[in-house]
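Peer 1: Provided below: model01.cif, containing mmCIF, C-alpha atoms and all ligand atoms.
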```cif
data_structure
#
loop_
_atom_site.label_atom_id
_atom_site.label_comp_id
_atom_site.auth_asym_id
_atom_site.auth_seq_id
_atom_site.Cartn_x
_atom_site.Cartn_y
_atom_site.Cartn_z
CA MET A 473 90.67 54.01 95.05
CA SER A 474 90.95 55.26 91.46
CA ASP A 475 94.34 56.28 90.05
CA ALA A 476 93.17 59.90 89.90
CA ASN A 477 92.16 59.89 93.58
CA GLU A 478 95.41 58.26 94.57
CA GLN A 479 97.40 60.84 92.60
CA GLU A 480 95.35 63.63 94.22
CA ASN A 481 96.06 62.28 97.71
CA ILE A 482 99.79 61.97 97.04
CA ILE A 483 99.96 65.55 95.78
CA LEU A 484 97.86 67.00 98.60
CA ASP A 485 99.95 65.15 101.21
CA ALA A 486 103.20 66.44 99.69
CA LEU A 487 101.71 69.93 99.56
CA GLU A 488 100.67 69.75 103.21
CA ARG A 489 104.23 68.87 104.26
CA PHE A 490 105.74 71.56 102.05
CA LEU A 491 103.42 74.30 103.30
CA THR A 492 103.74 73.52 106.98
CA THR A 493 107.52 73.14 107.00
CA GLU A 494 108.83 75.32 104.16
CA VAL A 495 106.26 78.06 103.78
CA GLU A 496 104.29 78.88 106.93
CA PRO A 497 107.33 79.71 109.11
CA PHE A 498 108.39 82.38 106.58
CA VAL A 499 105.09 83.96 105.52
CA HIS A 500 104.94 86.68 108.15
CA ASP A 501 108.40 87.97 107.36
CA LEU A 502 108.06 87.82 103.56
CA GLU A 503 104.60 89.37 103.61
CA SER A 504 105.45 92.24 105.91
CA LYS A 505 108.56 93.09 103.82
CA ASP A 506 106.60 92.63 100.56
CA GLU A 507 109.40 90.33 99.45
CA TYR A 508 109.05 87.94 96.51
CA PRO A 509 109.36 84.32 97.71
CA HIS A 510 112.05 83.21 95.22
CA GLU A 511 113.12 80.08 97.13
CA ILE A 512 109.56 78.92 97.67
CA VAL A 513 108.81 79.45 93.97
CA GLU A 514 111.78 77.27 93.02
CA LYS A 515 110.36 74.47 95.19
CA MET A 516 106.92 74.96 93.66
CA LYS A 517 108.53 74.43 90.26
CA GLU A 518 110.15 71.19 91.48
CA MET A 519 106.77 69.97 92.73
CA GLY A 520 105.29 70.46 89.26
CA LEU A 521 102.77 73.05 90.44
CA PHE A 522 103.43 75.32 87.45
CA GLY A 523 102.22 72.55 85.17
CA CYS A 524 99.56 71.01 87.38
CA ILE A 525 96.71 71.35 84.86
CA ILE A 526 98.82 71.19 81.71
CA LYS A 527 98.27 67.90 79.89
CA GLU A 528 100.83 65.16 80.48
CA GLU A 529 101.64 64.97 76.75
CA TYR A 530 102.97 68.53 77.06
CA GLY A 531 104.96 67.85 80.21
CA GLY A 532 102.37 68.80 82.86
CA LEU A 533 100.78 66.77 85.66
CA GLY A 534 97.44 66.70 83.83
CA LEU A 535 95.41 67.21 87.01
CA SER A 536 91.69 67.93 86.92
CA THR A 537 90.34 71.37 87.80
CA THR A 538 88.74 69.73 90.84
CA THR A 539 92.16 68.71 92.18
CA TYR A 540 93.61 72.07 91.19
CA ALA A 541 90.90 73.83 93.24
CA LYS A 542 91.83 71.71 96.27
CA ILE A 543 95.50 72.63 95.78
CA VAL A 544 94.62 76.34 95.64
CA ILE A 545 92.43 76.11 98.76
CA ARG A 546 95.25 74.46 100.67
CA ILE A 547 97.95 76.88 99.47
CA THR A 548 95.75 79.87 100.30
CA ARG A 549 95.11 78.66 103.83
CA SER A 550 98.86 79.18 104.30
CA TRP A 551 99.37 82.27 102.10
CA MET A 552 97.10 83.64 99.38
CA SER A 553 99.92 85.35 97.46
CA LEU A 554 101.50 81.99 96.60
CA SER A 555 98.38 80.81 94.79
CA GLY A 556 98.47 84.02 92.72
CA ILE A 557 101.89 83.06 91.40
CA ILE A 558 100.48 79.97 89.69
CA ASN A 559 97.00 81.28 88.93
CA SER A 560 97.50 83.81 86.13
CA HIS A 561 100.37 81.63 84.84
CA LEU A 562 97.93 78.75 84.44
CA ILE A 563 95.23 80.96 82.89
CA MET A 564 97.77 81.88 80.22
CA ALA A 565 98.87 78.26 79.81
CA SER A 566 95.28 77.11 79.51
CA ALA A 567 94.55 79.78 76.85
CA VAL A 568 97.40 78.27 74.82
CA GLN A 569 96.28 74.72 75.62
CA ARG A 570 92.68 75.43 74.57
CA HIS A 571 93.15 77.82 71.68
CA GLY A 572 96.76 77.62 70.53
CA THR A 573 97.91 75.99 67.31
CA GLU A 574 99.66 72.62 67.69
CA ALA A 575 102.99 74.36 67.04
CA GLN A 576 102.27 76.87 69.85
CA LYS A 577 101.29 74.09 72.26
CA LYS A 578 104.48 72.13 71.53
CA LYS A 579 106.66 75.20 71.81
CA TYR A 580 105.21 76.80 74.95
CA LEU A 581 103.36 74.29 77.13
CA PRO A 582 106.41 72.22 78.18
CA ARG A 583 108.20 75.44 79.16
CA PHE A 584 105.15 76.61 81.13
CA ALA A 585 104.97 73.22 82.86
CA THR A 586 108.51 73.42 84.24
CA GLY A 587 108.14 77.07 85.21
CA GLU A 588 110.96 78.05 82.83
CA LEU A 589 108.35 80.32 81.28
CA ARG A 590 106.29 82.02 83.98
CA GLY A 591 103.21 83.67 82.58
CA GLY A 592 100.57 86.19 83.50
CA VAL A 593 97.52 87.83 82.01
CA GLY A 594 97.72 91.34 80.55
CA LEU A 595 94.20 92.69 80.22
CA THR A 596 93.61 95.67 82.50
CA GLU A 597 94.61 99.20 81.43
CA PRO A 598 94.56 102.52 83.26
CA ASP A 599 91.18 103.32 81.69
CA CYS A 600 89.53 99.91 81.66
CA GLY A 601 89.13 96.79 83.74
CA THR A 602 85.58 95.44 83.69
CA ASP A 603 84.89 96.81 80.19
CA LEU A 604 87.68 94.92 78.46
CA GLN A 605 86.44 95.81 74.99
CA ALA A 606 87.65 99.33 75.73
CA VAL A 607 91.34 98.34 75.72
CA ARG A 608 93.52 100.79 73.85
CA THR A 609 96.75 98.86 73.46
CA THR A 610 97.21 98.20 69.74
CA ALA A 611 99.16 95.68 67.66
CA ARG A 612 99.86 96.65 64.07
CA ARG A 613 101.00 94.00 61.60
CA GLU A 614 104.33 94.68 59.89
CA GLY A 615 105.62 91.75 57.82
CA ASP A 616 106.27 88.72 60.01
CA HIS A 617 105.59 90.49 63.31
CA TYR A 618 103.23 92.91 65.08
CA VAL A 619 104.23 96.21 66.68
CA VAL A 620 102.57 96.77 70.06
CA ASN A 621 101.99 100.15 71.72
CA GLY A 622 100.04 100.91 74.89
CA THR A 623 99.91 100.63 78.67
CA LYS A 624 98.72 97.86 80.97
CA THR A 625 98.32 98.10 84.70
CA TRP A 626 97.71 95.86 87.72
CA ILE A 627 99.44 93.00 85.94
CA THR A 628 100.39 90.25 88.37
CA ASN A 629 103.56 88.18 87.84
CA SER A 630 104.90 90.77 85.42
CA MET A 631 108.14 91.62 87.22
CA TYR A 632 109.43 88.12 88.00
CA GLY A 633 107.49 86.33 85.27
CA ASN A 634 108.75 86.44 81.70
CA CYS A 635 105.70 86.40 79.43
CA LEU A 636 102.07 87.47 79.22
CA ALA A 637 98.87 86.59 77.45
CA LEU A 638 98.48 90.09 76.07
CA LEU A 639 95.06 91.38 75.00
CA VAL A 640 95.25 94.07 72.31
CA LYS A 641 93.29 95.67 69.52
CA THR A 642 94.40 94.56 66.05
CA ASP A 643 91.49 96.48 64.50
CA THR A 644 90.41 99.61 66.35
CA SER A 645 87.41 100.26 64.11
CA ALA A 646 85.78 96.80 64.36
CA GLU A 647 82.12 96.58 65.39
CA PRO A 648 81.26 94.89 67.66
CA ARG A 649 84.50 95.92 69.35
CA HIS A 650 85.54 92.39 70.37
CA ARG A 651 85.98 91.42 66.70
CA GLY A 652 89.03 93.68 66.64
CA MET A 653 90.66 92.07 69.68
CA SER A 654 93.48 89.55 69.62
CA LEU A 655 95.55 87.65 72.16
CA PHE A 656 99.32 87.23 71.93
CA ILE A 657 101.93 85.17 73.69
CA ALA A 658 104.19 88.08 74.57
CA GLU A 659 107.63 87.18 75.90
CA LYS A 660 109.68 89.96 77.45
CA GLY A 661 111.94 91.78 75.03
CA GLU A 662 112.85 95.23 73.80
CA GLY A 663 109.93 97.64 74.17
CA PHE A 664 108.19 95.51 76.87
CA ILE A 665 108.84 97.79 79.82
CA VAL A 666 108.02 97.10 83.48
CA ALA A 667 107.41 100.71 84.50
CA ARG A 668 106.84 100.21 88.23
CA LYS A 669 105.76 97.77 90.90
CA LEU A 670 102.49 98.80 92.54
CA GLU A 671 102.12 99.14 96.32
CA LYS A 672 99.13 97.15 97.60
CA LEU A 673 97.01 96.85 100.71
CA GLY A 674 97.37 93.06 100.75
CA TYR A 675 98.39 90.28 98.36
CA ARG A 676 101.95 91.27 99.14
CA GLY A 677 105.09 89.41 98.21
CA ILE A 678 103.74 88.89 94.72
CA ASP A 679 104.61 91.35 91.94
CA THR A 680 101.81 93.45 90.44
CA CYS A 681 103.06 96.09 88.02
CA GLU A 682 102.34 98.79 85.50
CA LEU A 683 103.68 98.01 82.01
CA VAL A 684 104.42 100.14 78.98
CA PHE A 685 104.70 98.76 75.45
CA GLN A 686 106.76 100.99 73.19
CA ASP A 687 107.11 99.65 69.65
CA TYR A 688 107.39 96.20 71.20
CA LYS A 689 107.73 93.60 68.42
CA VAL A 690 105.94 90.29 68.83
CA PRO A 691 106.33 87.59 66.14
CA ALA A 692 103.18 86.93 64.13
CA ASP A 693 103.32 83.24 65.04
CA CYS A 694 102.69 84.26 68.68
CA LEU A 695 99.12 85.26 67.81
CA ILE A 696 97.10 82.63 69.72
CA SER A 697 95.27 80.34 67.23
CA GLY A 698 96.92 82.29 64.41
CA LYS A 699 93.72 84.26 63.85
CA GLU A 700 92.95 87.87 64.68
CA GLY A 701 89.65 88.92 66.24
CA ARG A 702 89.25 86.05 68.71
CA GLY A 703 91.25 87.38 71.64
CA LEU A 704 88.39 88.32 73.92
CA GLN A 705 86.65 84.93 73.69
CA GLN A 706 89.97 83.15 74.11
CA ILE A 707 90.82 84.97 77.32
CA LEU A 708 87.26 84.92 78.68
CA SER A 709 87.13 81.13 78.43
CA GLY A 710 90.31 81.11 80.54
CA LEU A 711 88.69 83.42 83.03
CA GLU A 712 86.19 80.71 83.99
CA LEU A 713 89.19 78.79 85.24
CA GLY A 714 90.46 81.99 86.85
CA ARG A 715 87.17 82.46 88.63
CA ILE A 716 87.26 78.93 89.98
CA ASN A 717 90.76 79.69 91.19
CA VAL A 718 89.65 82.90 92.88
CA ALA A 719 86.71 81.05 94.41
CA ALA A 720 89.17 78.46 95.75
CA ARG A 721 91.28 81.26 97.19
CA GLY A 722 88.14 82.63 98.83
CA VAL A 723 87.50 79.24 100.40
CA GLY A 724 91.10 79.13 101.63
CA VAL A 725 90.86 82.55 103.29
CA ALA A 726 87.39 81.77 104.71
CA GLN A 727 88.63 78.48 106.17
CA ALA A 728 91.79 80.02 107.59
CA ALA A 729 89.75 82.77 109.28
CA ARG A 730 87.27 80.23 110.64
CA ASP A 731 90.04 77.99 112.00
CA LEU A 732 91.89 80.84 113.69
CA ALA A 733 88.67 82.05 115.30
CA VAL A 734 87.65 78.58 116.50
CA ALA A 735 91.08 78.01 118.05
CA TYR A 736 91.35 81.42 119.70
CA SER A 737 87.82 81.36 121.07
CA GLN A 738 88.67 78.28 123.14
CA VAL A 739 91.71 79.80 124.84
CA ARG A 740 90.57 83.39 125.37
CA LYS A 741 88.50 83.69 128.54
CA THR A 742 86.17 86.47 129.63
CA PHE A 743 83.82 86.49 132.59
CA GLY A 744 85.21 83.16 133.78
CA LYS A 745 84.70 81.10 130.63
CA PRO A 746 86.17 80.64 127.15
CA ILE A 747 84.58 83.11 124.72
CA CYS A 748 83.36 80.19 122.55
CA GLU A 749 80.78 79.62 125.30
CA HIS A 750 79.28 83.09 124.82
CA GLN A 751 76.32 82.87 122.49
CA ALA A 752 77.27 86.01 120.53
CA VAL A 753 80.62 84.43 119.65
CA GLN A 754 78.96 81.12 118.81
CA MET A 755 76.77 82.92 116.26
CA MET A 756 79.86 84.26 114.54
CA LEU A 757 81.65 80.90 114.57
CA ALA A 758 78.63 79.13 113.11
CA GLU A 759 78.18 81.70 110.36
CA MET A 760 81.88 81.52 109.49
CA ALA A 761 81.66 77.73 109.17
CA ILE A 762 78.51 77.90 107.02
CA ARG A 763 80.03 80.49 104.69
CA ALA A 764 83.29 78.57 104.26
CA GLU A 765 81.47 75.32 103.61
CA SER A 766 78.96 76.84 101.15
CA GLY A 767 81.84 78.43 99.25
CA ARG A 768 83.70 75.11 99.14
CA LEU A 769 80.71 73.17 97.84
CA LEU A 770 79.96 75.73 95.11
CA THR A 771 83.64 75.81 94.13
CA GLU A 772 83.77 72.02 93.84
CA ALA A 773 80.57 72.05 91.77
CA ALA A 774 81.99 74.70 89.42
CA ALA A 775 85.28 72.78 89.07
CA ALA A 776 83.37 69.58 88.28
CA ALA A 777 81.32 71.42 85.62
CA TYR A 778 84.51 72.85 84.11
CA ASP A 779 86.08 69.36 84.04
CA SER A 780 83.05 67.94 82.26
CA GLY A 781 83.47 70.53 79.50
CA GLU A 782 80.07 72.11 80.16
CA ARG A 783 79.56 75.83 79.84
CA CYS A 784 80.06 76.95 83.44
CA ASP A 785 80.17 80.74 83.60
CA MET A 786 77.13 80.72 85.91
CA GLU A 787 78.58 78.02 88.17
CA ALA A 788 81.99 79.70 88.26
CA GLY A 789 80.32 83.06 88.94
CA MET A 790 78.25 81.65 91.82
CA ALA A 791 81.29 79.99 93.35
CA LYS A 792 83.40 83.11 92.92
CA TYR A 793 80.73 85.33 94.46
CA ALA A 794 79.86 83.09 97.41
CA ALA A 795 83.39 82.05 98.31
CA THR A 796 84.93 85.51 98.07
CA GLU A 797 82.15 87.22 100.00
CA ALA A 798 82.64 84.41 102.57
CA ALA A 799 86.34 85.27 102.71
CA GLN A 800 85.64 88.95 103.30
CA SER A 801 82.97 88.36 105.95
CA ASN A 802 84.98 85.67 107.73
CA ALA A 803 88.09 87.86 107.80
CA ILE A 804 86.13 90.60 109.56
CA ASP A 805 84.43 88.20 111.97
CA CYS A 806 87.77 86.56 112.73
CA MET A 807 89.09 89.98 113.71
CA ARG A 808 86.07 90.60 115.93
CA VAL A 809 86.55 87.27 117.69
CA HIS A 810 90.21 88.15 118.32
CA GLY A 811 89.43 91.59 119.71
CA ALA A 812 92.54 93.78 119.87
CA TYR A 813 94.85 90.87 118.99
CA GLY A 814 93.13 90.70 115.61
CA TYR A 815 94.26 94.25 114.96
CA SER A 816 97.90 93.46 115.73
CA LYS A 817 100.52 93.21 113.00
CA GLU A 818 102.03 90.28 114.91
CA TYR A 819 99.33 87.80 113.98
CA ASP A 820 97.85 86.43 110.75
CA VAL A 821 94.35 87.79 111.30
CA GLU A 822 95.07 91.25 109.89
CA ARG A 823 96.71 89.70 106.78
CA LEU A 824 93.51 87.82 105.98
CA TYR A 825 91.61 91.08 106.47
CA ARG A 826 93.90 92.85 103.97
CA ASP A 827 93.99 89.97 101.45
CA ALA A 828 90.25 89.26 101.22
CA PRO A 829 88.99 92.41 99.40
CA LEU A 830 91.08 91.65 96.31
CA LEU A 831 89.07 88.49 95.77
CA VAL A 832 85.85 90.47 95.59
CA MET A 833 87.20 92.50 92.64
CA GLY A 834 89.73 90.24 90.88
CA GLU A 835 88.84 88.07 87.83
CA GLY A 836 85.67 90.08 87.31
CA THR A 837 84.14 92.03 90.19
CA ASN A 838 81.36 90.49 92.24
CA GLU A 839 78.94 93.00 90.70
CA LEU A 840 79.85 91.58 87.27
CA GLN A 841 79.46 88.02 88.58
CA ARG A 842 75.88 88.70 89.62
CA ILE A 843 75.13 90.18 86.21
CA ILE A 844 76.57 87.06 84.52
CA ILE A 845 74.57 84.78 86.84
CA ALA A 846 71.31 86.63 86.17
CA LYS A 847 71.84 86.64 82.38
CA GLN A 848 72.56 82.93 82.40
CA LEU A 849 69.53 82.22 84.58
CA VAL A 850 67.30 83.92 82.04
CA GLU A 851 69.05 82.30 79.05
CA ARG A 852 68.82 78.81 80.53
CA ASN A 853 65.18 79.25 81.61
CA PRO A 854 63.31 80.89 78.74
CA ALA A 855 59.72 81.81 79.62
C1 LIG A 901 96.08 93.15 93.25
C2 LIG A 901 95.48 93.12 91.88
C3 LIG A 901 95.98 92.25 90.94
C4 LIG A 901 95.45 92.27 89.64
N1 LIG A 901 96.01 91.43 88.69
C5 LIG A 901 95.62 91.56 87.39
C6 LIG A 901 96.27 90.82 86.35
O1 LIG A 901 97.16 90.01 86.60
N2 LIG A 901 95.87 91.05 85.07
C7 LIG A 901 94.90 91.93 84.74
O2 LIG A 901 94.63 92.09 83.55
N3 LIG A 901 94.24 92.64 85.71
C8 LIG A 901 94.58 92.48 87.01
N4 LIG A 901 93.95 93.20 88.00
C9 LIG A 901 92.90 94.13 87.63
C10 LIG A 901 91.52 93.58 87.95
O3 LIG A 901 91.20 92.50 87.12
C11 LIG A 901 90.54 94.77 87.78
O4 LIG A 901 90.80 95.64 88.87
C12 LIG A 901 89.11 94.36 87.77
O5 LIG A 901 88.80 93.68 86.58
C13 LIG A 901 88.16 95.57 87.90
O6 LIG A 901 88.49 96.56 86.99
P1 LIG A 901 88.70 98.07 87.45
O7 LIG A 901 89.58 98.06 88.64
O8 LIG A 901 89.14 98.84 86.26
O9 LIG A 901 87.27 98.54 87.90
P2 LIG A 901 86.12 99.20 86.98
O10 LIG A 901 85.90 98.36 85.78
O11 LIG A 901 86.45 100.63 86.76
O12 LIG A 901 84.86 99.07 87.95
C14 LIG A 901 84.66 99.97 89.06
C15 LIG A 901 83.33 99.60 89.76
O13 LIG A 901 82.25 99.67 88.83
C16 LIG A 901 81.55 98.43 88.79
N5 LIG A 901 81.07 98.17 87.43
C17 LIG A 901 81.78 98.28 86.28
N6 LIG A 901 81.01 97.96 85.23
C18 LIG A 901 79.79 97.62 85.71
C19 LIG A 901 78.55 97.21 85.13
N7 LIG A 901 78.41 97.02 83.82
N8 LIG A 901 77.50 96.98 85.96
C20 LIG A 901 77.63 97.13 87.30
N9 LIG A 901 78.77 97.51 87.92
C21 LIG A 901 79.83 97.76 87.14
C22 LIG A 901 82.57 97.37 89.23
O14 LIG A 901 81.94 96.21 89.72
C23 LIG A 901 83.34 98.15 90.30
O15 LIG A 901 82.59 98.11 91.50
C24 LIG A 901 94.41 93.16 89.31
C25 LIG A 901 93.88 94.01 90.30
C26 LIG A 901 94.41 94.00 91.57
C27 LIG A 901 93.86 94.95 92.59
#
```
For this file, write the structure as structure tokens.
Peer 2:
Amino acid sequence: MSDANEQENIILDALERFLTTEVEPFVHDLESKDEYPHEIVEKMKEMGLFGCIIKEEYGGLGLSTTTYAKIVIRITRSWMSLSGIINSHLIMASAVQRHGTEAQKKKYLPRFATGELRGGVGLTEPDCGTDLQAVRTTARREGDHYVVNGTKTWITNSMYGNCLALLVKTDTSAEPRHRGMSLFIAEKGEGFIVARKLEKLGYRGIDTCELVFQDYKVPADCLISGKEGRGLQQILSGLELGRINVAARGVGVAQAARDLAVAYSQVRKTFGKPICEHQAVQMMLAEMAIRAESGRLLTEAAAAAYDSGERCDMEAGMAKYAATEAAQSNAIDCMRVHGAYGYSKEYDVERLYRDAPLLVMGEGTNELQRIIIAKQLVERNPA
């Protein structure tokens, strides 16, 4: 067994023990109260999960994206919200790791790796999500810092985290618009205001907030790469990783729904036999298994492409689309298999049903994914 495989097995075994003993017994209570899992997060820090894909030279575990995807699948099978706590943090860390200056890497990556700095991604605004070039938050240079004004919304990890990869306009008149966009490492401080926590259908327990920036000063040396006008590309390259993460979450939800349905269908009896012996239920179980497995294989392929350094927006888009649609369909089928019990607040089935739709829209909606896939298909196969 290679060292990398051995390390992966050790981490996945430790994660399995942690999730079954220290997470699963508490999920129902935390989720229904929409309570942030502070104690669990502290243990995740101790396990090194906040630095799992940060290079070892900067204090991280240096794991591959392939192993990271397996970690996310396993965490999500227990509780999707927990994977969200490390996901946007690691997108921010990887933007610094890929595009930051050496001084930025040395200053921030070790603090990201321990979880002392807990990051997020600040892109979406009240008037724009998919069309990121329409952001209105501005950063105006004044001496050795920039002054930021604007509003961001739906920003995950922004109440209990302490910094954001913040996408702004440094030149509002630039054409094309992305040339005027820049990305900052924005630590909380005066003028960085968490206006309110948003109430959500699912994905509860984790903090998603609306933010206001009022003359918020960010030092000029927090401009990622030190150059203006590159922010959109810098964050989009991180979104490939984000999409692989969301795909992995989709696989986790799809597998959890499949497993609950398979188990329940063997104990619930109607007309004198377990419902798994009724052909209509068998059709659903088989389709759930196929969807979960297809999503997993595409996610592993996208993670492998990302690890090899290849351009992988098409692969990540396919994985994200297939796995998250699998999650949504499996969550509904799982509820059908459970009948009324699936509709009960006492069981996990309805949580999967509420969590799954976020995956279809987060990190680029599934409509956008299909557009990216089609464009890449044409670009890679010129007539
Ligand atoms: C729980 C939650 C957490 C989130 N966390 C974060 C976060 O941490 N950071 C962050 O920055 N954002 C976050 N978001 C925001 C998320 O990334 C956006 O919701 C998403 O990008 C979609 O943007 P939108 O909601 O503005 O939809 P819109 O862009 O308004 O799209 C609306 C509809 O139009 C479709 N559409 C748009 N453009 C096109 C097109 N060109 N062709 C075809 N169809 C199109 C979309 O697919 C969608 O169906 C979060 C959202 C949620 C719900």
Peer 1: Please return as a VMD selection string the residues found within 10 Å of ligand LIG 901 (chain A), counting all atoms listed in the file.
Peer 2: chain A and resid 553 556 to 557 559 to 561 563 591 to 604 624 to 630 636 to 639 670 to 676 678 to 681 827 829 to 843
Peer 1: Give me the residues near Leu849 (chain A) as a list in words, where near means some atom within 12 Å (using only C-alpha atoms) and where sequence neighbours in that chain fewer than 4 positions away do not count.
Peer 2: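 With the cut-off at 12 Å, the set is Cys784, Asp785, Met786, Glu787, Gly789, Met790, Arg842, Ile843, Ile844, Ile845, Asn853, Pro854 and Ala855 of chain A.
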Peer 1: Pick out the residues sitting within 9 Å of Ser766 (chain A), and hand them over as a compact mmCIF listing (two decimals) with C-alpha atoms, in the frame of the given file; count all atoms listed in the file, and ignore anything fewer than 4 positions along from it in its own chain.
Peer 2:
```
# COMPACT_ATOMS: atom_id res chain seq x y z
CA VAL A 723 87.50 79.24 100.40
CA ALA A 761 81.66 77.73 109.17
CA ILE A 762 78.51 77.90 107.02
CA LEU A 770 79.96 75.73 95.11
CA THR A 771 83.64 75.81 94.13
CA ALA A 791 81.29 79.99 93.35
CA ALA A 794 79.86 83.09 97.41
CA ALA A 795 83.39 82.05 98.31
CA ALA A 798 82.64 84.41 102.57
```
Peer 1: Separation of CA of Gly701 (chain A) and CA of Cys635 (chain A), in Å?
Peer 2: 20.9 Å
Peer 1: Show me, as a ChimeraX atom specification, the residues that have an atom within 6 Å of Gly703 (chain A) when counting only C-alpha atoms, minus same-chain residues fewer than 4 positions from it.
Peer 2: /A:653-655
Peer 1: In Å, with one decimal, what is the gap from CA of Pro497 (chain A) to CA of Ala799 (chain A)?
Peer 2: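 A separation of 22.6 Å between them.
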